[in-house]
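Below: input_36.pdb (PDB, C-alpha atoms and all ligand atoms)
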```pdb
ATOM      1  CA  MET X   9      22.440   3.904   5.965
ATOM      2  CA  GLY X  10      24.128   2.773   2.765
ATOM      3  CA  ASN X  11      26.025  -0.437   2.066
ATOM      4  CA  ASN X  12      29.241   1.469   1.646
ATOM      5  CA  ASP X  13      28.958   3.048   5.055
ATOM      6  CA  LEU X  14      32.200   4.721   6.115
ATOM      7  CA  THR X  15      30.850   6.525   9.159
ATOM      8  CA  THR X  16      33.469   5.149  11.531
ATOM      9  CA  GLU X  17      36.196   6.672   9.399
ATOM     10  CA  ILE X  18      34.636  10.087   8.825
ATOM     11  CA  SER X  19      35.702  12.943  11.022
ATOM     12  CA  ILE X  20      33.748  16.200  10.927
ATOM     13  CA  ARG X  21      35.131  19.506  12.156
ATOM     14  CA  LYS X  22      34.542  23.244  12.037
ATOM     15  CA  LEU X  23      36.620  25.106   9.482
ATOM     16  CA  ASN X  24      38.073  28.483  10.447
ATOM     17  CA  ASP X  25      41.560  28.468   8.924
ATOM     18  CA  ILE X  26      42.033  29.928   5.512
ATOM     19  CA  ASP X  27      44.069  26.838   4.471
ATOM     20  CA  ASP X  28      41.120  24.560   5.277
ATOM     21  CA  LEU X  29      38.642  26.882   3.574
ATOM     22  CA  GLU X  30      40.780  26.865   0.445
ATOM     23  CA  LYS X  31      40.282  23.094   0.334
ATOM     24  CA  ILE X  32      36.526  23.796   0.270
ATOM     25  CA  THR X  33      36.956  26.105  -2.695
ATOM     26  CA  ASP X  34      38.903  23.308  -4.434
ATOM     27  CA  LEU X  35      36.148  20.812  -3.558
ATOM     28  CA  GLN X  36      33.487  23.035  -5.153
ATOM     29  CA  VAL X  37      35.440  22.854  -8.396
ATOM     30  CA  GLN X  38      35.825  19.066  -8.101
ATOM     31  CA  VAL X  39      32.187  18.375  -7.166
ATOM     32  CA  TRP X  40      30.369  20.684  -9.584
ATOM     33  CA  GLY X  41      33.022  21.186 -12.246
ATOM     34  CA  PHE X  42      32.839  24.963 -11.626
ATOM     35  CA  ASP X  43      35.334  27.392 -12.909
ATOM     36  CA  TYR X  44      37.293  28.792  -9.906
ATOM     37  CA  ARG X  45      35.739  32.216 -10.476
ATOM     38  CA  ASP X  46      32.271  30.693  -9.733
ATOM     39  CA  ALA X  47      33.351  29.020  -6.473
ATOM     40  CA  ILE X  48      32.982  30.810  -3.136
ATOM     41  CA  PRO X  49      36.458  32.015  -2.193
ATOM     42  CA  ALA X  50      37.998  31.109   1.178
ATOM     43  CA  HIS X  51      38.110  34.717   2.427
ATOM     44  CA  ILE X  52      34.322  35.140   1.951
ATOM     45  CA  MET X  53      33.625  31.869   3.791
ATOM     46  CA  LYS X  54      35.897  33.073   6.598
ATOM     47  CA  SER X  55      34.095  36.448   6.888
ATOM     48  CA  ILE X  56      30.513  35.160   6.767
ATOM     49  CA  GLY X  57      31.128  31.727   8.244
ATOM     50  CA  VAL X  58      30.862  32.402  11.961
ATOM     51  CA  GLY X  59      28.634  31.074  14.751
ATOM     52  CA  PRO X  60      25.982  28.688  13.401
ATOM     53  CA  CYS X  61      27.240  29.382   9.867
ATOM     54  CA  THR X  62      30.772  28.126  10.506
ATOM     55  CA  PRO X  63      31.514  25.793   7.560
ATOM     56  CA  LEU X  64      31.932  22.130   8.449
ATOM     57  CA  GLY X  65      34.350  19.822   6.681
ATOM     58  CA  ALA X  66      34.386  16.022   6.469
ATOM     59  CA  GLU X  67      37.734  14.243   6.390
ATOM     60  CA  ILE X  68      38.624  10.641   5.688
ATOM     61  CA  ASP X  69      42.239   9.605   6.280
ATOM     62  CA  GLY X  70      43.145  13.283   6.586
ATOM     63  CA  LYS X  71      41.686  14.134   3.175
ATOM     64  CA  MET X  72      38.924  16.749   2.941
ATOM     65  CA  VAL X  73      36.121  14.936   1.107
ATOM     66  CA  GLY X  74      33.027  17.013   1.836
ATOM     67  CA  PHE X  75      31.662  20.199   3.338
ATOM     68  CA  ILE X  76      28.464  21.955   4.317
ATOM     69  CA  TYR X  77      28.091  25.710   4.257
ATOM     70  CA  THR X  78      25.174  27.880   5.429
ATOM     71  CA  PHE X  79      24.315  31.570   5.279
ATOM     72  CA  PRO X  80      22.569  33.646   7.940
ATOM     73  CA  THR X  81      19.092  35.008   7.129
ATOM     74  CA  PRO X  82      17.233  38.083   8.464
ATOM     75  CA  ASN X  83      15.442  35.697  10.837
ATOM     76  CA  PRO X  84      17.952  34.841  13.637
ATOM     77  CA  LYS X  85      16.285  31.428  14.118
ATOM     78  CA  LYS X  86      16.647  30.443  10.493
ATOM     79  CA  GLN X  87      19.669  29.536   8.343
ATOM     80  CA  TYR X  88      19.916  29.068   4.609
ATOM     81  CA  LEU X  89      21.917  26.047   3.481
ATOM     82  CA  HIS X  90      23.901  27.335   0.554
ATOM     83  CA  MET X  91      25.955  24.266  -0.332
ATOM     84  CA  ILE X  92      26.709  20.700   0.598
ATOM     85  CA  GLY X  93      29.201  18.894  -1.595
ATOM     86  CA  ILE X  94      30.897  15.517  -1.405
ATOM     87  CA  HIS X  95      33.862  14.539  -3.561
ATOM     88  CA  PRO X  96      32.566  12.196  -6.340
ATOM     89  CA  ASP X  97      34.720   9.290  -5.039
ATOM     90  CA  TYR X  98      32.981   9.478  -1.635
ATOM     91  CA  GLN X  99      29.332  10.046  -2.568
ATOM     92  CA  SER X 100      26.602   7.668  -1.316
ATOM     93  CA  LYS X 101      28.742   6.602   1.659
ATOM     94  CA  SER X 102      26.829   8.620   4.280
ATOM     95  CA  VAL X 103      29.324  11.499   4.395
ATOM     96  CA  GLY X 104      26.418  13.864   3.663
ATOM     97  CA  GLU X 105      24.372  12.388   6.487
ATOM     98  CA  GLU X 106      27.263  12.809   8.931
ATOM     99  CA  LEU X 107      27.698  16.454   7.900
ATOM    100  CA  PHE X 108      24.001  17.118   8.502
ATOM    101  CA  LYS X 109      24.222  15.447  11.936
ATOM    102  CA  GLU X 110      26.967  17.837  12.953
ATOM    103  CA  GLN X 111      25.196  20.807  11.351
ATOM    104  CA  LEU X 112      22.126  19.917  13.420
ATOM    105  CA  LYS X 113      24.134  20.063  16.654
ATOM    106  CA  GLN X 114      25.830  23.302  15.658
ATOM    107  CA  SER X 115      22.546  24.958  14.625
ATOM    108  CA  GLN X 116      20.746  23.828  17.791
ATOM    109  CA  SER X 117      23.525  25.154  19.992
ATOM    110  CA  TYR X 118      22.868  28.640  18.562
ATOM    111  CA  GLY X 119      19.084  28.428  18.958
ATOM    112  CA  ILE X 120      18.413  27.921  15.243
ATOM    113  CA  GLU X 121      15.045  26.275  14.612
ATOM    114  CA  THR X 122      14.885  25.924  10.828
ATOM    115  CA  LEU X 123      17.181  25.489   7.860
ATOM    116  CA  GLU X 124      15.957  25.937   4.326
ATOM    117  CA  TRP X 125      17.458  25.212   0.938
ATOM    118  CA  THR X 126      16.518  24.249  -2.590
ATOM    119  CA  TYR X 127      17.366  21.321  -4.846
ATOM    120  CA  ASP X 128      16.446  19.804  -8.181
ATOM    121  CA  PRO X 129      13.516  17.384  -7.616
ATOM    122  CA  LEU X 130      14.957  14.989 -10.197
ATOM    123  CA  GLU X 131      18.260  14.492  -8.328
ATOM    124  CA  CYS X 132      17.566  11.311  -6.354
ATOM    125  CA  ALA X 133      20.675  11.211  -4.124
ATOM    126  CA  ASN X 134      19.738  14.686  -2.887
ATOM    127  CA  ALA X 135      16.099  13.720  -2.355
ATOM    128  CA  LYS X 136      17.035  10.545  -0.493
ATOM    129  CA  LEU X 137      19.391  12.412   1.811
ATOM    130  CA  TYR X 138      17.298  15.543   2.447
ATOM    131  CA  ILE X 139      13.861  13.941   2.797
ATOM    132  CA  ALA X 140      14.285  10.260   3.668
ATOM    133  CA  LYS X 141      17.489  10.259   5.697
ATOM    134  CA  ILE X 142      17.430  13.532   7.638
ATOM    135  CA  GLY X 143      13.716  14.400   7.716
ATOM    136  CA  GLY X 144      13.342  17.549   5.606
ATOM    137  CA  ILE X 145       9.949  18.228   4.061
ATOM    138  CA  VAL X 146       8.735  20.241   1.086
ATOM    139  CA  GLU X 147       5.786  22.388   2.038
ATOM    140  CA  GLY X 148       4.243  22.848  -1.330
ATOM    141  CA  GLU X 149       6.779  25.228  -2.796
ATOM    142  CA  TYR X 150       7.853  24.625  -6.408
ATOM    143  CA  GLN X 151      10.162  27.139  -8.101
ATOM    144  CA  ARG X 152      10.158  27.162 -11.864
ATOM    145  CA  ASP X 153      13.493  27.809 -13.568
ATOM    146  CA  ASN X 154      15.018  29.192 -10.378
ATOM    147  CA  TYR X 155      18.447  29.981 -11.823
ATOM    148  CA  GLY X 156      17.480  30.650 -15.436
ATOM    149  CA  ASN X 157      19.356  28.913 -18.212
ATOM    150  CA  GLN X 158      22.526  27.101 -17.141
ATOM    151  CA  ASP X 159      25.602  26.111 -19.128
ATOM    152  CA  GLY X 160      26.934  22.740 -20.222
ATOM    153  CA  ILE X 161      24.773  19.674 -19.825
ATOM    154  CA  ASN X 162      21.960  21.728 -18.278
ATOM    155  CA  ASP X 163      21.714  24.144 -21.198
ATOM    156  CA  GLY X 164      18.062  24.250 -22.252
ATOM    157  CA  LEU X 165      16.794  22.427 -19.159
ATOM    158  CA  PRO X 166      14.737  24.653 -16.845
ATOM    159  CA  SER X 167      16.411  24.828 -13.418
ATOM    160  CA  ASP X 168      13.284  23.974 -11.379
ATOM    161  CA  ARG X 169      13.756  23.598  -7.644
ATOM    162  CA  LEU X 170      11.933  22.361  -4.564
ATOM    163  CA  ASN X 171      12.262  24.254  -1.300
ATOM    164  CA  VAL X 172      13.226  22.013   1.643
ATOM    165  CA  THR X 173      12.358  22.959   5.225
ATOM    166  CA  TRP X 174      14.330  21.218   7.982
ATOM    167  CA  ARG X 175      13.001  21.729  11.494
ATOM    168  CA  VAL X 176      15.956  20.750  13.593
ATOM    169  CA  ASN X 177      14.062  20.229  16.855
ATOM    170  CA  SER X 178      11.224  18.188  15.373
ATOM    171  CA  GLU X 179      10.366  14.640  16.382
ATOM    172  CA  ARG X 180      10.401  13.727  12.704
ATOM    173  CA  VAL X 181      14.073  14.704  12.335
ATOM    174  CA  LYS X 182      14.993  12.863  15.534
ATOM    175  CA  LYS X 183      13.263   9.688  14.345
ATOM    176  CA  LYS X 184      14.849   9.854  10.906
ATOM    177  CA  PHE X 185      18.328  10.018  12.432
ATOM    178  CA  GLU X 186      17.454   7.060  14.623
ATOM    179  CA  ASN X 187      16.257   5.177  11.499
ATOM    180  CA  LYS X 188      12.906   4.730  13.211
ATOM    181  CA  ASN X 189      10.841   6.289  10.489
ATOM    182  CA  GLU X 190      11.661   4.254   7.377
ATOM    183  CA  ARG X 191       8.792   3.988   4.908
ATOM    184  CA  SER X 192       8.398   1.258   2.357
ATOM    185  CA  LEU X 193       5.978   0.860  -0.503
ATOM    186  CA  ASP X 194       4.383  -2.133   1.241
ATOM    187  CA  LYS X 195       3.363  -0.110   4.246
ATOM    188  CA  ILE X 196       2.004   3.010   2.637
ATOM    189  CA  ILE X 197      -0.550   4.319   0.213
ATOM    190  CA  GLY X 198      -3.082   5.217   2.797
ATOM    191  CA  PRO X 199      -6.111   7.258   1.912
ATOM    192  CA  GLU X 200      -4.213  10.534   2.183
ATOM    193  CA  GLU X 201      -1.073   9.621   0.241
ATOM    194  CA  ILE X 202       0.182  10.046  -3.312
ATOM    195  CA  LEU X 203       3.328   8.704  -4.962
ATOM    196  CA  ILE X 204       5.087  10.545  -7.761
ATOM    197  CA  GLU X 205       7.739   8.491  -9.517
ATOM    198  CA  VAL X 206      11.025  10.067 -10.651
ATOM    199  CA  PRO X 207      13.837   8.409 -12.657
ATOM    200  CA  HIS X 208      16.787   7.044 -10.674
ATOM    201  CA  ASN X 209      19.316   8.191 -13.288
ATOM    202  CA  PHE X 210      18.437  11.707 -14.357
ATOM    203  CA  GLN X 211      22.100  12.659 -15.010
ATOM    204  CA  GLU X 212      22.394   9.747 -17.440
ATOM    205  CA  ILE X 213      19.112  10.633 -19.141
ATOM    206  CA  LYS X 214      20.385  14.185 -19.634
ATOM    207  CA  LYS X 215      23.459  12.839 -21.412
ATOM    208  CA  LEU X 216      21.752  10.136 -23.473
ATOM    209  CA  ASP X 217      18.390  11.650 -24.395
ATOM    210  CA  PHE X 218      17.993  15.327 -23.625
ATOM    211  CA  ASP X 219      14.424  15.439 -24.978
ATOM    212  CA  GLU X 220      13.482  12.724 -22.501
ATOM    213  CA  ALA X 221      15.074  14.751 -19.697
ATOM    214  CA  ILE X 222      13.038  17.801 -20.678
ATOM    215  CA  LYS X 223       9.916  15.644 -20.767
ATOM    216  CA  TRP X 224      10.606  14.460 -17.201
ATOM    217  CA  ARG X 225      11.118  18.068 -16.109
ATOM    218  CA  TYR X 226       7.784  19.271 -17.528
ATOM    219  CA  ASP X 227       5.786  16.182 -16.529
ATOM    220  CA  THR X 228       6.961  16.242 -12.929
ATOM    221  CA  ARG X 229       6.597  20.044 -12.758
ATOM    222  CA  GLU X 230       2.955  19.643 -13.726
ATOM    223  CA  LEU X 231       2.385  16.932 -11.129
ATOM    224  CA  PHE X 232       4.097  18.729  -8.257
ATOM    225  CA  GLU X 233       2.383  22.039  -9.015
ATOM    226  CA  ASN X 234      -0.978  20.345  -9.374
ATOM    227  CA  PHE X 235      -0.788  18.509  -6.061
ATOM    228  CA  PHE X 236       0.865  21.362  -4.179
ATOM    229  CA  SER X 237      -1.996  23.628  -5.263
ATOM    230  CA  GLN X 238      -4.379  21.104  -3.665
ATOM    231  CA  GLY X 239      -2.512  21.322  -0.349
ATOM    232  CA  TYR X 240      -0.249  18.263  -0.612
ATOM    233  CA  HIS X 241       3.268  18.339   0.860
ATOM    234  CA  ILE X 242       6.268  16.081   0.233
ATOM    235  CA  MET X 243       6.720  14.042   3.396
ATOM    236  CA  ASP X 244       9.026  11.242   2.258
ATOM    237  CA  PHE X 245      11.134   9.761  -0.526
ATOM    238  CA  ILE X 246      11.078   6.015  -1.065
ATOM    239  CA  SER X 247      13.471   3.861  -3.088
ATOM    240  CA  LYS X 248      12.464   0.391  -4.127
ATOM    241  CA  ASN X 249      15.246  -2.045  -5.036
ATOM    242  CA  GLY X 250      14.887  -5.403  -6.708
ATOM    243  CA  THR X 251      12.298  -4.476  -9.311
ATOM    244  CA  PRO X 252      11.884  -7.056 -12.146
ATOM    245  CA  ASP X 253      14.046  -4.956 -14.475
ATOM    246  CA  GLY X 254      16.765  -4.757 -11.779
ATOM    247  CA  LEU X 255      16.543  -0.981 -11.469
ATOM    248  CA  ILE X 256      15.946   1.202  -8.438
ATOM    249  CA  LYS X 257      12.549   2.871  -8.539
ATOM    250  CA  ASN X 258      12.172   6.163  -6.715
ATOM    251  CA  PHE X 259       9.017   7.833  -5.476
ATOM    252  CA  TYR X 260       8.120  11.011  -3.648
ATOM    253  CA  LEU X 261       5.414  10.515  -1.051
ATOM    254  CA  LEU X 262       2.946  13.386  -0.806
ATOM    255  CA  GLU X 263       0.370  13.543   1.927
ATOM    256  CA  LYS X 264      -3.066  15.019   2.210
ATOM    257  CA  SER X 265      -6.412  13.343   1.740
ATOM    258  CA  GLU X 266      -6.811  11.011  -1.200
ATOM    259  CA  ASN X 267      -5.452   7.603  -2.166
ATOM    260  CA  LYS X 268      -3.761   7.733  -5.562
ATOM    261  CA  LEU X 269      -0.719   6.158  -7.153
ATOM    262  CA  ILE X 270       0.784   8.368  -9.791
ATOM    263  CA  ARG X 271       3.238   6.503 -11.983
ATOM    264  CA  GLY X 272       5.587   8.186 -14.419
ATOM    265  CA  GLU X 273       5.709   5.491 -17.087
ATOM    266  CA  ASN X 274       8.821   6.494 -19.046
ATOM    267  CA  GLY X 275       8.018  10.023 -17.917
ATOM    268  CA  ARG X 276       4.963  10.109 -20.122
ATOM    269  CA  ASN X 277       1.733   8.482 -19.037
ATOM    270  CA  HIS X 278       0.794   9.419 -15.518
ATOM    271  CA  LYS X 279      -2.227   7.578 -14.316
ATOM    272  CA  ASN X 280      -4.166   7.162 -11.113
ATOM    273  CA  THR X 281      -4.762   3.635  -9.871
TER
HETATM  274  C1  LIG X 301      23.879  15.168  -2.870
HETATM  275  C2  LIG X 301      25.075  14.852  -1.999
HETATM  276  C3  LIG X 301      25.421  16.086  -1.162
HETATM  277  C4  LIG X 301      24.714  13.697  -1.056
HETATM  278  O1  LIG X 301      25.799  13.397  -0.202
HETATM  279  P1  LIG X 301      26.183  11.875   0.090
HETATM  280  O2  LIG X 301      27.335  11.811   0.989
HETATM  281  O3  LIG X 301      26.298  11.175  -1.212
HETATM  282  O4  LIG X 301      24.839  11.435   0.865
HETATM  283  P2  LIG X 301      24.524  10.110   1.673
HETATM  284  O5  LIG X 301      25.429   9.011   1.250
HETATM  285  O6  LIG X 301      24.465  10.421   3.133
HETATM  286  O7  LIG X 301      23.031   9.832   1.200
HETATM  287  C5  LIG X 301      22.718   9.670  -0.163
HETATM  288  C6  LIG X 301      21.700   8.561  -0.294
HETATM  289  O8  LIG X 301      21.173   8.577  -1.620
HETATM  290  C7  LIG X 301      21.223   7.259  -2.144
HETATM  291  N1  LIG X 301      21.260   7.363  -3.595
HETATM  292  C8  LIG X 301      22.274   7.747  -4.401
HETATM  293  N2  LIG X 301      21.854   7.722  -5.694
HETATM  294  C9  LIG X 301      20.556   7.330  -5.681
HETATM  295  C10 LIG X 301      19.573   7.091  -6.702
HETATM  296  N3  LIG X 301      19.866   7.288  -7.983
HETATM  297  N4  LIG X 301      18.358   6.705  -6.330
HETATM  298  C11 LIG X 301      18.045   6.499  -5.032
HETATM  299  N5  LIG X 301      18.936   6.698  -4.019
HETATM  300  C12 LIG X 301      20.170   7.107  -4.346
HETATM  301  C13 LIG X 301      22.459   6.666  -1.519
HETATM  302  O9  LIG X 301      22.495   5.255  -1.608
HETATM  303  C14 LIG X 301      22.278   7.173  -0.068
HETATM  304  O10 LIG X 301      21.262   6.443   0.602
HETATM  305  P3  LIG X 301      21.624   5.224   1.636
HETATM  306  O11 LIG X 301      22.540   5.763   2.671
HETATM  307  O12 LIG X 301      20.286   4.816   2.170
HETATM  308  O13 LIG X 301      22.262   4.158   0.795
HETATM  309  C15 LIG X 301      26.317  14.409  -2.834
HETATM  310  O14 LIG X 301      25.959  13.277  -3.589
HETATM  311  C16 LIG X 301      26.864  15.494  -3.737
HETATM  312  O15 LIG X 301      27.794  16.197  -3.348
HETATM  313  N6  LIG X 301      26.315  15.621  -4.964
HETATM  314  C17 LIG X 301      26.779  16.604  -5.930
HETATM  315  C18 LIG X 301      26.598  18.025  -5.458
HETATM  316  C19 LIG X 301      25.189  18.353  -5.035
HETATM  317  O16 LIG X 301      24.216  18.000  -5.686
HETATM  318  N7  LIG X 301      25.099  19.079  -3.910
HETATM  319  C20 LIG X 301      23.821  19.495  -3.351
HETATM  320  C21 LIG X 301      23.328  20.772  -3.909
HETATM  321  S1  LIG X 301      24.129  22.183  -3.183
END
```

Using the file provided, produce a representation of the structure as C-alpha cells.
Ligand SMILES: CC(C)(COP(=O)(O)OP(=O)(O)OC[C@H]1O[C@@H](n2cnc3c(N)ncnc32)[C@H](O)[C@@H]1OP(=O)(O)O)[C@@H](O)C(=O)NCCC(=O)NCCS
Amino acid sequence: MGNNDLTTEISIRKLNDIDDLEKITDLQVQVWGFDYRDAIPAHIMKSIGVGPCTPLGAEIDGKMVGFIYTFPTPNPKKQYLHMIGIHPDYQSKSVGEELFKEQLKQSQSYGIETLEWTYDPLECANAKLYIAKIGGIVEGEYQRDNYGNQDGINDGLPSDRLNVTWRVNSERVKKKFENKNERSLDKIIGPEEILIEVPHNFQEIKKLDFDEAIKWRYDTRELFENFFSQGYHIMDFISKNGTPDGLIKNFYLLEKSENKLIRGENGRNHKNT
C-alpha cells in the first residue's frame, strides 16, 4: 500500500444511472486525453454493464475519481477488463487497488473465475498494480503492436501488450490482497527465476528521447519473447527504492528453471550474471 494511502476516504459503488455513467465518460477524457468520440458513451455502458460487468466507480468527497469497466466474454466464467482509469490527481493512492477489491467481490458473486486484460509492459504503475498488488500473472503471452500505430506521443512506438490473467479464487490473489506475498530483491533470484529490468519513467523517456523509448520497446520485446518461448511466466513485479542514484528500479520476475539476472543497462546491454 502506498504512502499516500487514501483508502479510508474512498467509497466504491456500482454505477447504473446514466448521470453517473456520464461522469465515467468524462473521466476517460481526463485520464487518457481522448477525444469524446473515442470514449465509451454512457448509454453503451448502461446496456452492456449488467451483472458482473456493472461498472464500478470510486468516489472521494463525493467526486468521481476512478472507475473499472469489464465486458462479458463467450465464456460465462470469464470477463474481459476493458478499462480502469484513475483521475491523474488521485493516481498512486490505492484507488485502483480498491476498485479491484470490489471487482473481485462482484465477479465472485456471479461465479466468474478469471478476468483477462492487456497492458503496456513498460507502464510501471500498471505493472505494480496488476502483478504485485492484486496477483495477476502473465502466462507467456506477448502481443506485438496490438493496436497498430497510435496518435500523439505514441506515434511511431509499437503498441506492444502483455496479457494479464487474474484468477479471482486463487490463493495467490488472496495472499496479495493480504500483503502476505511481498517479494524483495534480497529474497529472490532462486535457481528458477529471472529479472527483467524496465525503466521507472517510460512516459518521460517518450517525451525526452523518443529513440531511447523505441530502444526500450524493442529490447524488452526481445527479452520477453525469448523467455516466454522457453516457458517462463511473469509471476511478480518488484520495485527497489533507495538505489545509489536515488531512482526507483523496477523489475519483472519471471519463473521457470534457471538462475539469471537480466539487467537493462540504459535499455541497451542486457547481460546474464
Ligand atoms: C494504472 C492505474 C489504473 C493505476 O491506478 P492507481 O490508483 O494509481 O493504482 P494504485 O495506487 O492502487 O497502485 C499503483 C502502484 O504503482 C506504484 N507506482 C506508480 N508509479 C510507479 C513507477 N514509476 N514505478 C514503480 N511503481 C510505481 C504506486 O506507488 C502504487 O504502488 P504502492 O501502492 O505500493 O505505492 C492509474 O494510474 C491510471 O489510471 N493510469 C492511466 C490510465 C491507465 O493506464 N489505465 C490502465 C489501462 S486501461

Check which residues satisfy the PyMOL selection byres (((chain X and resi 149) around 12) and not hetatm) in the file shown, then give them as a PDB file with C-alpha atoms, keeping the file's coordinate frame.
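Dumped to part19.pdb:
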```pdb
ATOM      1  CA  GLU X 124      15.957  25.937   4.326  1.00  0.00           C
ATOM      2  CA  TRP X 125      17.458  25.212   0.938  1.00  0.00           C
ATOM      3  CA  THR X 126      16.518  24.249  -2.590  1.00  0.00           C
ATOM      4  CA  TYR X 127      17.366  21.321  -4.846  1.00  0.00           C
ATOM      5  CA  PRO X 129      13.516  17.384  -7.616  1.00  0.00           C
ATOM      6  CA  ILE X 145       9.949  18.228   4.061  1.00  0.00           C
ATOM      7  CA  VAL X 146       8.735  20.241   1.086  1.00  0.00           C
ATOM      8  CA  GLU X 147       5.786  22.388   2.038  1.00  0.00           C
ATOM      9  CA  GLY X 148       4.243  22.848  -1.330  1.00  0.00           C
ATOM     10  CA  TYR X 150       7.853  24.625  -6.408  1.00  0.00           C
ATOM     11  CA  GLN X 151      10.162  27.139  -8.101  1.00  0.00           C
ATOM     12  CA  ARG X 152      10.158  27.162 -11.864  1.00  0.00           C
ATOM     13  CA  ASN X 154      15.018  29.192 -10.378  1.00  0.00           C
ATOM     14  CA  ASP X 168      13.284  23.974 -11.379  1.00  0.00           C
ATOM     15  CA  ARG X 169      13.756  23.598  -7.644  1.00  0.00           C
ATOM     16  CA  LEU X 170      11.933  22.361  -4.564  1.00  0.00           C
ATOM     17  CA  ASN X 171      12.262  24.254  -1.300  1.00  0.00           C
ATOM     18  CA  VAL X 172      13.226  22.013   1.643  1.00  0.00           C
ATOM     19  CA  THR X 173      12.358  22.959   5.225  1.00  0.00           C
ATOM     20  CA  ARG X 229       6.597  20.044 -12.758  1.00  0.00           C
ATOM     21  CA  PHE X 232       4.097  18.729  -8.257  1.00  0.00           C
ATOM     22  CA  GLU X 233       2.383  22.039  -9.015  1.00  0.00           C
ATOM     23  CA  ASN X 234      -0.978  20.345  -9.374  1.00  0.00           C
ATOM     24  CA  PHE X 235      -0.788  18.509  -6.061  1.00  0.00           C
ATOM     25  CA  PHE X 236       0.865  21.362  -4.179  1.00  0.00           C
ATOM     26  CA  SER X 237      -1.996  23.628  -5.263  1.00  0.00           C
ATOM     27  CA  GLN X 238      -4.379  21.104  -3.665  1.00  0.00           C
ATOM     28  CA  GLY X 239      -2.512  21.322  -0.349  1.00  0.00           C
ATOM     29  CA  TYR X 240      -0.249  18.263  -0.612  1.00  0.00           C
ATOM     30  CA  HIS X 241       3.268  18.339   0.860  1.00  0.00           C
ATOM     31  CA  ILE X 242       6.268  16.081   0.233  1.00  0.00           C
TER      32      ILE X 242
END
```

Let me have all residues with an atom within 6 Å of ligand LIG 301 (chain X), counting only C-alpha atoms and all ligand atoms, laid out as a short mmCIF file (atom, residue, chain, number, x, y, z; two decimals) with C-alpha atoms, in the frame of the given file.
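Wrote it out as part.cif, contents follow:
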```cif
data_model
loop_
_atom_site.label_atom_id
_atom_site.label_comp_id
_atom_site.auth_asym_id
_atom_site.auth_seq_id
_atom_site.Cartn_x
_atom_site.Cartn_y
_atom_site.Cartn_z
CA MET X 9 22.44 3.90 5.96
CA GLY X 10 24.13 2.77 2.76
CA VAL X 39 32.19 18.38 -7.17
CA MET X 91 25.96 24.27 -0.33
CA ILE X 92 26.71 20.70 0.60
CA GLY X 93 29.20 18.89 -1.60
CA ILE X 94 30.90 15.52 -1.40
CA GLN X 99 29.33 10.05 -2.57
CA SER X 100 26.60 7.67 -1.32
CA LYS X 101 28.74 6.60 1.66
CA SER X 102 26.83 8.62 4.28
CA VAL X 103 29.32 11.50 4.39
CA GLY X 104 26.42 13.86 3.66
CA GLU X 105 24.37 12.39 6.49
CA CYS X 132 17.57 11.31 -6.35
CA ALA X 133 20.68 11.21 -4.12
CA ASN X 134 19.74 14.69 -2.89
CA LYS X 136 17.04 10.54 -0.49
CA LEU X 137 19.39 12.41 1.81
CA HIS X 208 16.79 7.04 -10.67
CA ASN X 209 19.32 8.19 -13.29
CA SER X 247 13.47 3.86 -3.09
#
```

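Minimum distance to Leu23 (chain X) across X:Gln38, X:Asn162, X:Ser117, X:Thr62 (counting all atoms listed in the file) occurs at X:Thr62.
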
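Atom pair CA of Arg225 (chain X) / CA of Trp40 (chain X) has a distance of 20.5 Å (rounded to one decimal).
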
- Residues at most 8 Å from region 47-59 of chain X, counting all atoms listed in the file, excluding those fewer than 4 positions away in the same chain, as a PyMOL selection string? chain X and resi 24-26+29-30+32-33+36-37+42-43+63+77-79+118

- Task: Give as a ChimeraX atom specification every residue, naming chains and numbers as the document does, that has an atom within 10 Å of (17.3, 35.2, 14.5), counting all atoms listed in the file.
- Result: /X:80-87,118-121

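Comparing X:Tyr44, X:Trp174, X:Tyr155, X:Phe245 by their smallest distance to Phe108 (chain X), the closest is X:Trp174 (using all atoms listed in the file).
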
- Task: Have a look at CA of Lys215 (chain X) and CA of Glu230 (chain X) and let me know their distance in Å, one decimal.
- Result: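 Taking CA of Lys215 (chain X) as the start and CA of Glu230 (chain X) as the end point, the length is 22.9 Å.
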
- Item | For Ile68 (chain X): contacts at 8 Å, all atoms listed in the file, fewer than 4 positions along chain excluded, given as a ChimeraX atom specification | /X:17-19,72-73

- Message: So, with all atoms listed in the file as the atoms that count, which of X:Asn177, X:Asn187, X:Asn249, X:Asn258 lies closest to Glu205 (chain X)?
- Response: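 Smallest distance to Glu205 (chain X) is found for X:Asn258.
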
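This file gives the following result for the PyMOL selection byres (((chain X and resi 164) around 12) and not hetatm): X:Asp153, X:Tyr155, X:Gly156, X:Asn157, X:Gln158, X:Asp159, X:Gly160, X:Ile161, X:Asn162, X:Asp163, X:Leu165, X:Pro166, X:Ser167, X:Asp168, X:Lys214, X:Phe218, X:Asp219, X:Ala221, X:Ile222, X:Lys223, X:Arg225.
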
- Let me know the residues the PyMOL selection byres (((chain X and resi 181) around 10) and not hetatm) catches in the file above, as a PyMOL selection string. chain X and resi 112+139-145+174-180+182-187+189

- Item | Atom-to-atom span, CA of Lys109 (chain X) and CA of Ile246 (chain X), Å | 20.8 Å

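Between Tyr260 (chain X) and the candidates X:Ile202, X:Leu231, X:Leu89, X:Ile213, the tightest atom-to-atom separation, counting all atoms listed in the file, involves X:Ile202.
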